[in-house]
$ cat target.txt   # compact mmCIF, C-alpha atoms
# COMPACT_ATOMS: atom_id res chain seq x y z
CA MET Z 25 -13.38 -2.50 24.58
CA SER Z 26 -11.65 -2.48 21.19
CA GLU Z 27 -8.34 -0.80 20.40
CA LYS Z 28 -7.88 1.33 17.31
CA ILE Z 29 -4.73 0.09 15.56
CA LEU Z 30 -2.65 1.31 12.64
CA LEU Z 31 -0.15 -1.27 11.35
CA ASP Z 32 3.12 -0.46 9.60
CA THR Z 33 4.73 -3.63 8.23
CA ASP Z 34 7.34 -5.11 5.91
CA ILE Z 35 5.14 -8.16 5.32
CA GLY Z 36 6.49 -10.48 2.65
CA THR Z 37 9.98 -11.19 3.97
CA ASN Z 38 9.79 -12.84 7.41
CA ILE Z 39 6.55 -14.82 7.76
CA ASP Z 40 5.88 -13.44 11.25
CA ASP Z 41 4.40 -10.25 9.74
CA ALA Z 42 1.66 -12.34 8.13
CA LEU Z 43 1.09 -14.14 11.44
CA CYS Z 44 0.73 -10.75 13.10
CA LEU Z 45 -1.71 -9.40 10.53
CA ALA Z 46 -3.84 -12.57 10.70
CA TYR Z 47 -3.97 -12.17 14.49
CA LEU Z 48 -5.11 -8.55 14.21
CA LEU Z 49 -7.75 -9.39 11.61
CA ALA Z 50 -9.19 -12.19 13.76
CA ASN Z 51 -8.99 -10.34 17.08
CA PRO Z 52 -12.45 -9.01 18.07
CA GLN Z 53 -10.76 -6.42 20.29
CA CYS Z 54 -8.81 -4.95 17.38
CA GLU Z 55 -10.26 -2.18 15.22
CA LEU Z 56 -7.70 -2.18 12.42
CA LEU Z 57 -7.93 1.24 10.78
CA GLY Z 58 -5.32 0.73 8.09
CA ILE Z 59 -2.07 -0.83 6.94
CA THR Z 60 1.06 0.77 5.48
CA THR Z 61 3.96 -1.18 4.01
CA VAL Z 62 7.66 -0.42 4.06
CA SER Z 63 10.90 -1.68 2.43
CA GLY Z 64 11.65 -2.91 -1.08
CA GLU Z 65 8.73 -3.87 -3.31
CA ALA Z 66 6.27 -2.03 -1.07
CA LYS Z 67 3.45 -2.59 -3.58
CA GLN Z 68 3.95 -6.37 -3.52
CA ARG Z 69 3.90 -6.19 0.26
CA ALA Z 70 0.59 -4.34 0.04
CA MET Z 71 -0.73 -7.12 -2.21
CA ILE Z 72 0.22 -9.75 0.36
CA ALA Z 73 -1.55 -7.76 3.09
CA SER Z 74 -4.57 -7.47 0.78
CA ALA Z 75 -4.67 -11.25 0.27
CA LEU Z 76 -4.93 -11.81 4.02
CA CYS Z 77 -7.57 -9.11 4.41
CA LYS Z 78 -9.67 -10.67 1.65
CA ALA Z 79 -9.30 -14.12 3.20
CA ALA Z 80 -10.67 -12.63 6.41
CA GLY Z 81 -13.52 -10.92 4.55
CA ARG Z 82 -12.28 -7.47 5.57
CA GLN Z 83 -11.92 -4.20 3.67
CA ILE Z 84 -8.92 -2.47 5.23
CA PRO Z 85 -7.22 0.61 3.70
CA ILE Z 86 -3.71 -0.38 2.52
CA PHE Z 87 -1.00 2.01 1.34
CA PRO Z 88 2.46 1.12 0.01
CA GLY Z 89 5.01 3.27 1.77
CA SER Z 90 8.70 4.03 1.46
CA GLU Z 91 11.02 1.52 -0.21
CA GLN Z 92 14.22 3.42 0.58
CA PRO Z 93 15.73 4.22 4.00
CA LEU Z 94 16.29 7.89 4.71
CA LEU Z 95 20.07 7.97 4.24
CA ILE Z 96 21.57 4.49 3.88
CA ALA Z 97 21.34 1.94 1.10
CA PRO Z 98 18.41 -0.49 1.35
CA ASN Z 99 19.17 -3.99 2.59
CA GLN Z 100 15.73 -5.53 2.04
CA LEU Z 101 14.99 -5.30 -1.66
CA GLN Z 102 12.40 -8.01 -2.26
CA ALA Z 103 9.14 -9.33 -0.87
CA GLN Z 104 9.97 -12.98 -1.45
CA GLN Z 105 6.55 -14.31 -0.48
CA ALA Z 106 4.92 -12.42 -3.36
CA VAL Z 107 5.57 -15.43 -5.62
CA ALA Z 108 2.59 -17.13 -3.92
CA LEU Z 109 0.18 -14.26 -4.66
CA LYS Z 110 -1.02 -16.03 -7.82
CA ASN Z 111 -2.86 -18.49 -5.56
CA TRP Z 112 -4.94 -15.87 -3.72
CA ASP Z 113 -7.38 -13.10 -4.51
CA HIS Z 114 -5.81 -9.73 -3.82
CA ASP Z 115 -5.95 -6.09 -4.85
CA THR Z 116 -3.41 -4.91 -7.41
CA HIS Z 117 -4.01 -1.15 -7.46
CA PHE Z 118 -3.01 1.09 -4.55
CA LEU Z 119 -2.55 4.81 -4.11
CA ARG Z 120 1.19 5.52 -4.13
CA GLY Z 121 2.88 8.24 -2.15
CA GLN Z 122 -0.01 8.47 0.32
CA ALA Z 123 1.12 6.21 3.18
CA VAL Z 124 2.53 8.90 5.46
CA GLU Z 125 -0.37 11.27 4.79
CA PHE Z 126 -2.86 8.48 5.47
CA LEU Z 127 -1.22 7.82 8.83
CA ARG Z 128 -1.15 11.53 9.62
CA GLN Z 129 -4.80 12.17 8.77
CA THR Z 130 -6.04 9.05 10.55
CA ILE Z 131 -4.17 9.84 13.77
CA ARG Z 132 -5.48 13.42 13.68
CA ALA Z 133 -9.01 12.11 13.17
CA TYR Z 134 -8.76 10.08 16.41
CA PRO Z 135 -6.51 12.06 18.77
CA GLY Z 136 -5.45 10.04 21.81
CA GLU Z 137 -7.21 6.88 20.57
CA ILE Z 138 -4.82 5.11 18.20
CA ILE Z 139 -2.01 2.68 18.92
CA LEU Z 140 0.56 2.69 16.14
CA LEU Z 141 2.04 -0.81 15.77
CA THR Z 142 5.28 -1.01 13.81
CA ILE Z 143 6.75 -4.36 12.77
CA GLY Z 144 9.23 -3.28 10.09
CA PRO Z 145 11.98 -0.72 9.53
CA LEU Z 146 10.87 2.69 10.76
CA THR Z 147 11.19 4.78 7.58
CA ASN Z 148 7.47 5.57 7.26
CA ILE Z 149 7.22 6.49 10.92
CA GLY Z 150 10.36 8.62 10.88
CA LEU Z 151 8.93 10.52 7.93
CA LEU Z 152 5.55 10.85 9.65
CA PHE Z 153 7.05 12.29 12.83
CA SER Z 154 9.23 14.66 10.78
CA VAL Z 155 6.40 15.92 8.58
CA ASP Z 156 4.05 16.57 11.50
CA ALA Z 157 5.87 16.99 14.81
CA GLU Z 158 2.61 16.96 16.78
CA ILE Z 159 1.65 13.45 15.71
CA PRO Z 160 3.61 11.61 18.45
CA THR Z 161 1.66 13.51 21.13
CA LEU Z 162 -1.65 12.55 19.50
CA LEU Z 163 -1.04 8.81 19.75
CA LYS Z 164 -2.47 6.69 22.51
CA GLY Z 165 0.66 4.60 22.19
CA LEU Z 166 3.48 3.40 19.98
CA VAL Z 167 4.26 -0.34 20.11
CA MET Z 168 7.24 -1.59 18.12
CA MET Z 169 8.84 -4.92 17.39
CA CYS Z 170 12.25 -3.33 17.47
CA GLY Z 171 15.65 -3.58 19.03
CA ARG Z 172 17.89 -5.58 21.26
CA PHE Z 173 18.42 -4.15 24.72
CA THR Z 174 20.25 -6.74 26.85
CA ASP Z 175 22.73 -9.59 26.45
CA ARG Z 176 19.98 -12.21 26.84
CA VAL Z 177 19.72 -12.87 23.12
CA GLN Z 178 20.99 -15.96 21.31
CA ASP Z 179 24.28 -15.26 19.53
CA GLU Z 180 22.87 -16.17 16.11
CA TYR Z 181 20.97 -12.87 16.04
CA GLY Z 182 24.03 -10.67 16.46
CA LEU Z 183 24.09 -7.24 18.06
CA LEU Z 184 21.73 -5.60 15.59
CA GLU Z 185 17.99 -6.04 15.17
CA ARG Z 186 16.83 -5.60 11.58
CA ASN Z 187 13.92 -3.24 12.15
CA ALA Z 188 16.15 -0.87 14.11
CA SER Z 189 19.14 -1.13 11.78
CA GLY Z 190 17.12 -1.19 8.54
CA ASP Z 191 16.83 2.59 8.75
CA PRO Z 192 18.89 3.79 11.74
CA HIS Z 193 18.24 7.48 11.11
CA ALA Z 194 14.48 6.96 11.10
CA THR Z 195 14.88 4.81 14.22
CA ALA Z 196 16.68 7.70 15.95
CA ILE Z 197 13.84 10.06 15.02
CA VAL Z 198 11.23 7.68 16.41
CA TYR Z 199 13.00 7.12 19.73
CA ARG Z 200 13.40 10.87 20.22
CA ALA Z 201 9.68 11.45 19.68
CA ASN Z 202 7.49 12.53 22.58
CA VAL Z 203 5.04 9.62 22.70
CA LYS Z 204 2.91 9.10 25.79
CA HIS Z 205 3.35 5.34 25.78
CA HIS Z 206 6.51 4.28 23.91
CA ARG Z 207 6.92 0.47 23.99
CA SER Z 208 9.62 -1.71 22.45
CA VAL Z 209 9.35 -5.48 22.22
CA GLY Z 210 12.78 -6.64 21.08
CA LEU Z 211 14.84 -9.74 20.49
CA ASP Z 212 15.34 -10.09 24.25
CA VAL Z 213 11.87 -11.63 24.44
CA THR Z 214 10.74 -12.41 20.89
CA THR Z 215 13.46 -15.03 20.43
CA ARG Z 216 11.75 -17.04 23.20
CA VAL Z 217 8.57 -17.68 21.19
CA SER Z 218 9.42 -20.06 18.37
CA MET Z 219 7.83 -23.10 16.71
CA SER Z 220 9.15 -25.84 14.44
CA THR Z 221 7.97 -26.17 10.87
CA ALA Z 222 6.17 -29.43 11.64
CA GLU Z 223 4.35 -27.98 14.66
CA PHE Z 224 3.41 -24.88 12.69
CA ARG Z 225 1.83 -26.93 9.91
CA ARG Z 226 -0.07 -28.98 12.48
CA GLN Z 227 -1.36 -26.04 14.49
CA PHE Z 228 -2.33 -23.61 11.76
CA GLN Z 229 -5.35 -25.17 10.13
CA PHE Z 230 -7.75 -22.22 10.49
CA ASP Z 231 -9.40 -20.92 7.32
CA LEU Z 232 -7.72 -17.54 7.65
CA PHE Z 233 -4.36 -19.26 7.77
CA GLN Z 234 -4.56 -20.96 4.39
CA PRO Z 235 -2.85 -18.04 2.60
CA VAL Z 236 -0.48 -17.65 5.57
CA LEU Z 237 0.51 -21.30 5.23
CA ASP Z 238 1.09 -20.78 1.52
CA PHE Z 239 3.29 -17.74 2.11
CA ALA Z 240 5.07 -19.64 4.88
CA GLU Z 241 6.21 -22.33 2.46
CA ILE Z 242 8.47 -19.71 0.86
CA TRP Z 243 9.96 -19.06 4.29
CA PHE Z 244 10.38 -22.78 4.99
CA GLN Z 245 12.50 -23.29 1.88
CA LYS Z 246 15.48 -21.95 3.85
CA ARG Z 247 14.39 -22.29 7.49
CA GLY Z 248 13.07 -25.00 9.76
CA SER Z 249 11.26 -22.88 12.32
CA ILE Z 250 9.27 -19.71 12.87
CA THR Z 251 9.82 -17.11 15.57
CA PHE Z 252 6.80 -15.03 16.53
CA HIS Z 253 8.61 -11.68 16.79
CA ASP Z 254 5.80 -9.48 15.46
CA PRO Z 255 2.78 -11.34 16.88
CA LEU Z 256 4.33 -11.05 20.35
CA ALA Z 257 4.56 -7.27 20.06
CA ALA Z 258 0.94 -7.11 18.91
CA ALA Z 259 -0.28 -9.45 21.66
CA THR Z 260 1.13 -7.19 24.40
CA ILE Z 261 -1.45 -4.58 23.37
CA PHE Z 262 -4.31 -6.90 24.31
CA ASP Z 263 -2.76 -8.87 27.19
CA GLU Z 264 -0.48 -6.80 29.38
CA GLN Z 265 0.60 -9.89 31.35
CA ILE Z 266 2.36 -11.65 28.47
CA CYS Z 267 5.55 -9.61 28.92
CA ALA Z 268 7.18 -7.87 31.85
CA PHE Z 269 8.38 -4.34 31.05
CA ALA Z 270 10.79 -1.84 32.54
CA LYS Z 271 11.15 1.88 31.93
CA GLY Z 272 14.31 3.51 30.74
CA THR Z 273 15.91 5.60 28.04
CA VAL Z 274 16.85 4.21 24.63
CA THR Z 275 19.51 5.89 22.52
CA VAL Z 276 20.18 5.03 18.88
CA GLU Z 277 23.57 5.03 17.18
CA TRP Z 278 23.11 6.91 13.91
CA GLN Z 279 26.58 8.39 13.28
CA ASN Z 280 29.14 5.61 13.69
CA GLU Z 281 28.88 3.65 10.42
CA LYS Z 282 30.12 0.43 12.00
CA LYS Z 283 27.38 0.51 14.65
CA LEU Z 284 24.45 2.10 12.83
CA GLY Z 285 21.17 1.07 14.39
CA THR Z 286 22.66 -0.20 17.64
CA LEU Z 287 20.33 0.56 20.56
CA THR Z 288 21.47 1.29 24.10
CA TRP Z 289 18.97 1.08 26.94
CA GLN Z 290 19.52 2.70 30.33
CA PRO Z 291 17.00 1.67 33.05
CA ASP Z 292 15.21 4.60 34.69
CA ASP Z 293 12.04 3.87 36.66
CA VAL Z 294 11.40 7.54 37.37
CA ASP Z 295 12.04 9.54 34.21
CA GLY Z 296 12.40 6.81 31.60
CA GLN Z 297 10.41 7.57 28.45
CA HIS Z 298 10.77 4.16 26.83
CA GLU Z 299 9.18 0.92 27.99
CA VAL Z 300 11.20 -2.18 27.10
CA ALA Z 301 10.10 -5.82 27.34
CA LEU Z 302 12.51 -7.88 29.45
CA LYS Z 303 10.63 -11.12 30.17
CA VAL Z 304 7.98 -13.15 28.36
CA ASN Z 305 5.54 -15.81 29.52
CA THR Z 306 5.82 -18.07 26.49
CA GLN Z 307 2.94 -20.36 27.41
CA ARG Z 308 0.64 -17.41 28.08
CA PHE Z 309 1.53 -15.92 24.71
CA PHE Z 310 0.73 -19.06 22.75
CA ARG Z 311 -2.52 -19.62 24.71
CA HIS Z 312 -3.58 -16.08 23.97
CA TYR Z 313 -2.55 -16.19 20.32
CA PHE Z 314 -4.38 -19.43 19.48
CA SER Z 315 -7.45 -18.42 21.51
CA ILE Z 316 -8.12 -15.67 18.98
CA PHE Z 317 -8.71 -18.21 16.22
CA HIS Z 318 -10.95 -20.65 18.14
$ encode --input "target.txt" --output "structure tokens"
Amino acid sequence: MSEKILLDTDIGTNIDDALCLAYLLANPQCELLGITTVSGEAKQRAMIASALCKAAGRQIPIFPGSEQPLLIAPNQLQAQQAVALKNWDHDTHFLRGQAVEFLRQTIRAYPGEIILLTIGPLTNIGLLFSVDAEIPTLLKGLVMMCGRFTDRVQDEYGLLERNASGDPHATAIVYRANVKHHRSVGLDVTTRVSMSTAEFRRQFQFDLFQPVLDFAEIWFQKRGSITFHDPLAAATIFDEQICAFAKGTVTVEWQNEKKLGTLTWQPDDVDGQHEVALKVNTQRFFRHYFSIFH
């Protein structure tokens, strides 16, 4: 049985967004209904998404979304991987100002059937939930690559996670929303699924990955590895055994300027509204991920 998915992404900065989109496009269990982009140069991000869709032979609705956080200054101004767009066929014209309305209309067209997958700052989703307060209740689920909830994260990542802190006020709106299935896959588990540059180049020889590899070279100019943050969040939709989850309540710091976007998770097996990933089976994830492309 396929899952209806809407993807909200800041593709074009970290290469894991492209890895996630390629996975969704290749997954026979995924019915990808549309893509919205978020953060600086949202149109260029839409172009990158378009290049992957065309490489997969798919026509997917794509809408550039908000480039500015609700109240703070933006900290992600460019889609660096857009410099490689010249090598790939892609759309260049998109409807502007329609991303939130597209999400709203699509979710209302399929009440209780859609999983909203967010792998970027939550500006579009905060706006969506504010414009139409009933939307959260009409979702089958909300799955987010977002947050840090325990102390089991490597120090190099710091206390903040970029999707949560990129627009802390939108993040607060989203975590307060009444969603039936509210899942967060954060740095606690995503930092466990990484791959070296050399291994990545060896493994990713599928046709669909040729543009991904090209975009990845921009990423590799400053980094020697890839962490599969976003693909892990997506994979939990289709294989519930990849991660172990616990229920609890997540609160978002949106007032203290020094801690904006900090998430606090309190376990609560009985009344907890938020499901948080605490453990990951790394081998199972990679087996599942690569099986989609064979």
$ residues_around --input "target.txt" --residues "Arg128 in chain Z" --least-positions-apart "3" --cutoff "9 Å" --atoms "all atoms listed in the file" --output "PyMOL selection string"
chain Z and resi 123-125+131-133+152-153+155-156+159
$ residues_around --input "target.txt" --residues "Ile266 in chain Z" --least-positions-apart "6" --cutoff "12 Å" --atoms "only C-alpha atoms" --output "list in words"
Val209, Val213, Thr214, Val217, Pro255, Leu256, Ala257, Ala258, Ala259, Thr260, Ala301, Leu302, Lys303, Val304, Asn305, Thr306, Gln307, Arg308, Phe309, Phe310, Arg311, His312 and Tyr313 of chain Z
$ closest_residue --input "target.txt" --among "Z:Asp34, Z:Glu277, Z:Asp41, Z:Asp293" --to "Gln68 in chain Z" --atoms "only C-alpha atoms"
Z:Asp34
$ atom_distance --input "target.txt" --atom1 "CA of His193 in chain Z" --atom2 "CA of Trp278 in chain Z"
5.6 Å
$ residues_around --input "target.txt" --residues "range 196-206 of chain Z" --least-positions-apart "3" --cutoff "8 Å" --atoms "all atoms listed in the file" --output "ChimeraX atom specification"
/Z:146,149-150,153-154,160-167,192-193,274-278,297-299
$ closest_residue --input "target.txt" --among "Z:Gln83, Z:Asn51, Z:Gln92, Z:Thr273" --to "Gly64 in chain Z" --atoms "only C-alpha atoms"
Z:Gln92
$ closest_residue --input "target.txt" --among "Z:Val236, Z:Ala103, Z:Leu284, Z:Ala80" --to "Lys67 in chain Z" --atoms "all atoms listed in the file"
Z:Ala103
$ closest_residue --input "target.txt" --among "Z:Gln104, Z:Ser26, Z:Asn38, Z:Ser189" --to "Thr147 in chain Z" --atoms "all atoms listed in the file"
Z:Ser189
$ residues_near_point --input "target.txt" --point "(9.6, -21.0, 14.5)" --cutoff "10 Å" --atoms "all atoms listed in the file" --output "list in words"
Ile39, Asp40, Thr215, Arg216, Val217, Ser218, Met219, Ser220, Thr221, Ala222, Glu223, Phe224, Phe244, Arg247, Gly248, Ser249, Ile250, Thr251, Phe252 and His253 of chain Z
$ atom_distance --input "target.txt" --atom1 "CA of Ile86 in chain Z" --atom2 "CA of Met71 in chain Z"
8.8 Å
$ closest_residue --input "target.txt" --among "Z:Leu30, Z:Ile261, Z:Leu151, Z:Cys170" --to "Pro93 in chain Z" --atoms "only C-alpha atoms"
Z:Leu151
$ residues_near_point --input "target.txt" --point "(6.6, -11.9, -5.2)" --cutoff "12 Å" --atoms "only C-alpha atoms" --output "ChimeraX atom specification"
/Z:35-37,64-72,101-111,239,242
$ residues_around --input "target.txt" --residues "Gly81 in chain Z" --least-positions-apart "3" --cutoff "12 Å" --atoms "only C-alpha atoms" --output "ChimeraX atom specification"
/Z:46,49-50,74-78,84,113-114,231-232
$ build_atoms --input "target.txt" --residues "range 235-257 of chain Z" --atoms "N, CA and C atoms" --output "compact mmCIF listing (two decimals), in the coordinates of the input"
# COMPACT_ATOMS: atom_id res chain seq x y z
N PRO Z 235 -3.86 -18.82 3.31
CA PRO Z 235 -2.85 -18.04 2.60
C PRO Z 235 -1.57 -17.87 3.42
N VAL Z 236 -1.68 -17.77 4.74
CA VAL Z 236 -0.48 -17.65 5.57
C VAL Z 236 0.40 -18.89 5.41
N LEU Z 237 -0.23 -20.06 5.42
CA LEU Z 237 0.51 -21.30 5.23
C LEU Z 237 1.20 -21.32 3.87
N ASP Z 238 0.52 -20.82 2.86
CA ASP Z 238 1.09 -20.78 1.52
C ASP Z 238 2.30 -19.85 1.48
N PHE Z 239 2.17 -18.66 2.05
CA PHE Z 239 3.29 -17.74 2.11
C PHE Z 239 4.44 -18.32 2.95
N ALA Z 240 4.06 -19.07 3.99
CA ALA Z 240 5.07 -19.64 4.88
C ALA Z 240 5.95 -20.67 4.18
N GLU Z 241 5.41 -21.35 3.17
CA GLU Z 241 6.21 -22.33 2.46
C GLU Z 241 7.43 -21.69 1.80
N ILE Z 242 7.31 -20.43 1.41
CA ILE Z 242 8.47 -19.71 0.86
C ILE Z 242 9.52 -19.55 1.94
N TRP Z 243 9.06 -19.21 3.14
CA TRP Z 243 9.96 -19.06 4.29
C TRP Z 243 10.63 -20.38 4.65
N PHE Z 244 9.87 -21.48 4.58
CA PHE Z 244 10.38 -22.78 4.99
C PHE Z 244 11.41 -23.35 4.02
N GLN Z 245 11.52 -22.80 2.84
CA GLN Z 245 12.50 -23.29 1.88
C GLN Z 245 13.93 -23.15 2.41
N LYS Z 246 14.13 -22.18 3.32
CA LYS Z 246 15.48 -21.95 3.85
C LYS Z 246 15.55 -22.06 5.37
N ARG Z 247 14.39 -22.28 6.02
CA ARG Z 247 14.39 -22.29 7.49
C ARG Z 247 13.49 -23.40 8.01
N GLY Z 248 13.83 -23.90 9.19
CA GLY Z 248 13.07 -25.00 9.76
C GLY Z 248 12.21 -24.62 10.94
N SER Z 249 12.07 -23.32 11.19
CA SER Z 249 11.26 -22.88 12.32
C SER Z 249 10.75 -21.47 12.07
N ILE Z 250 9.83 -21.06 12.91
CA ILE Z 250 9.27 -19.71 12.87
C ILE Z 250 9.37 -19.09 14.26
N THR Z 251 9.81 -17.86 14.32
CA THR Z 251 9.82 -17.11 15.57
C THR Z 251 8.77 -16.02 15.49
N PHE Z 252 7.96 -15.91 16.53
CA PHE Z 252 6.80 -15.03 16.53
C PHE Z 252 7.16 -13.62 17.01
N HIS Z 253 8.17 -13.02 16.38
CA HIS Z 253 8.61 -11.68 16.79
C HIS Z 253 7.44 -10.69 16.79
N ASP Z 254 6.83 -10.51 15.63
CA ASP Z 254 5.80 -9.48 15.46
C ASP Z 254 4.50 -9.79 16.18
N PRO Z 255 4.00 -11.04 16.13
CA PRO Z 255 2.78 -11.34 16.88
C PRO Z 255 2.93 -11.09 18.38
N LEU Z 256 4.13 -11.31 18.93
CA LEU Z 256 4.33 -11.05 20.35
C LEU Z 256 4.15 -9.58 20.66
N ALA Z 257 4.73 -8.71 19.84
CA ALA Z 257 4.56 -7.27 20.06
C ALA Z 257 3.09 -6.90 20.02
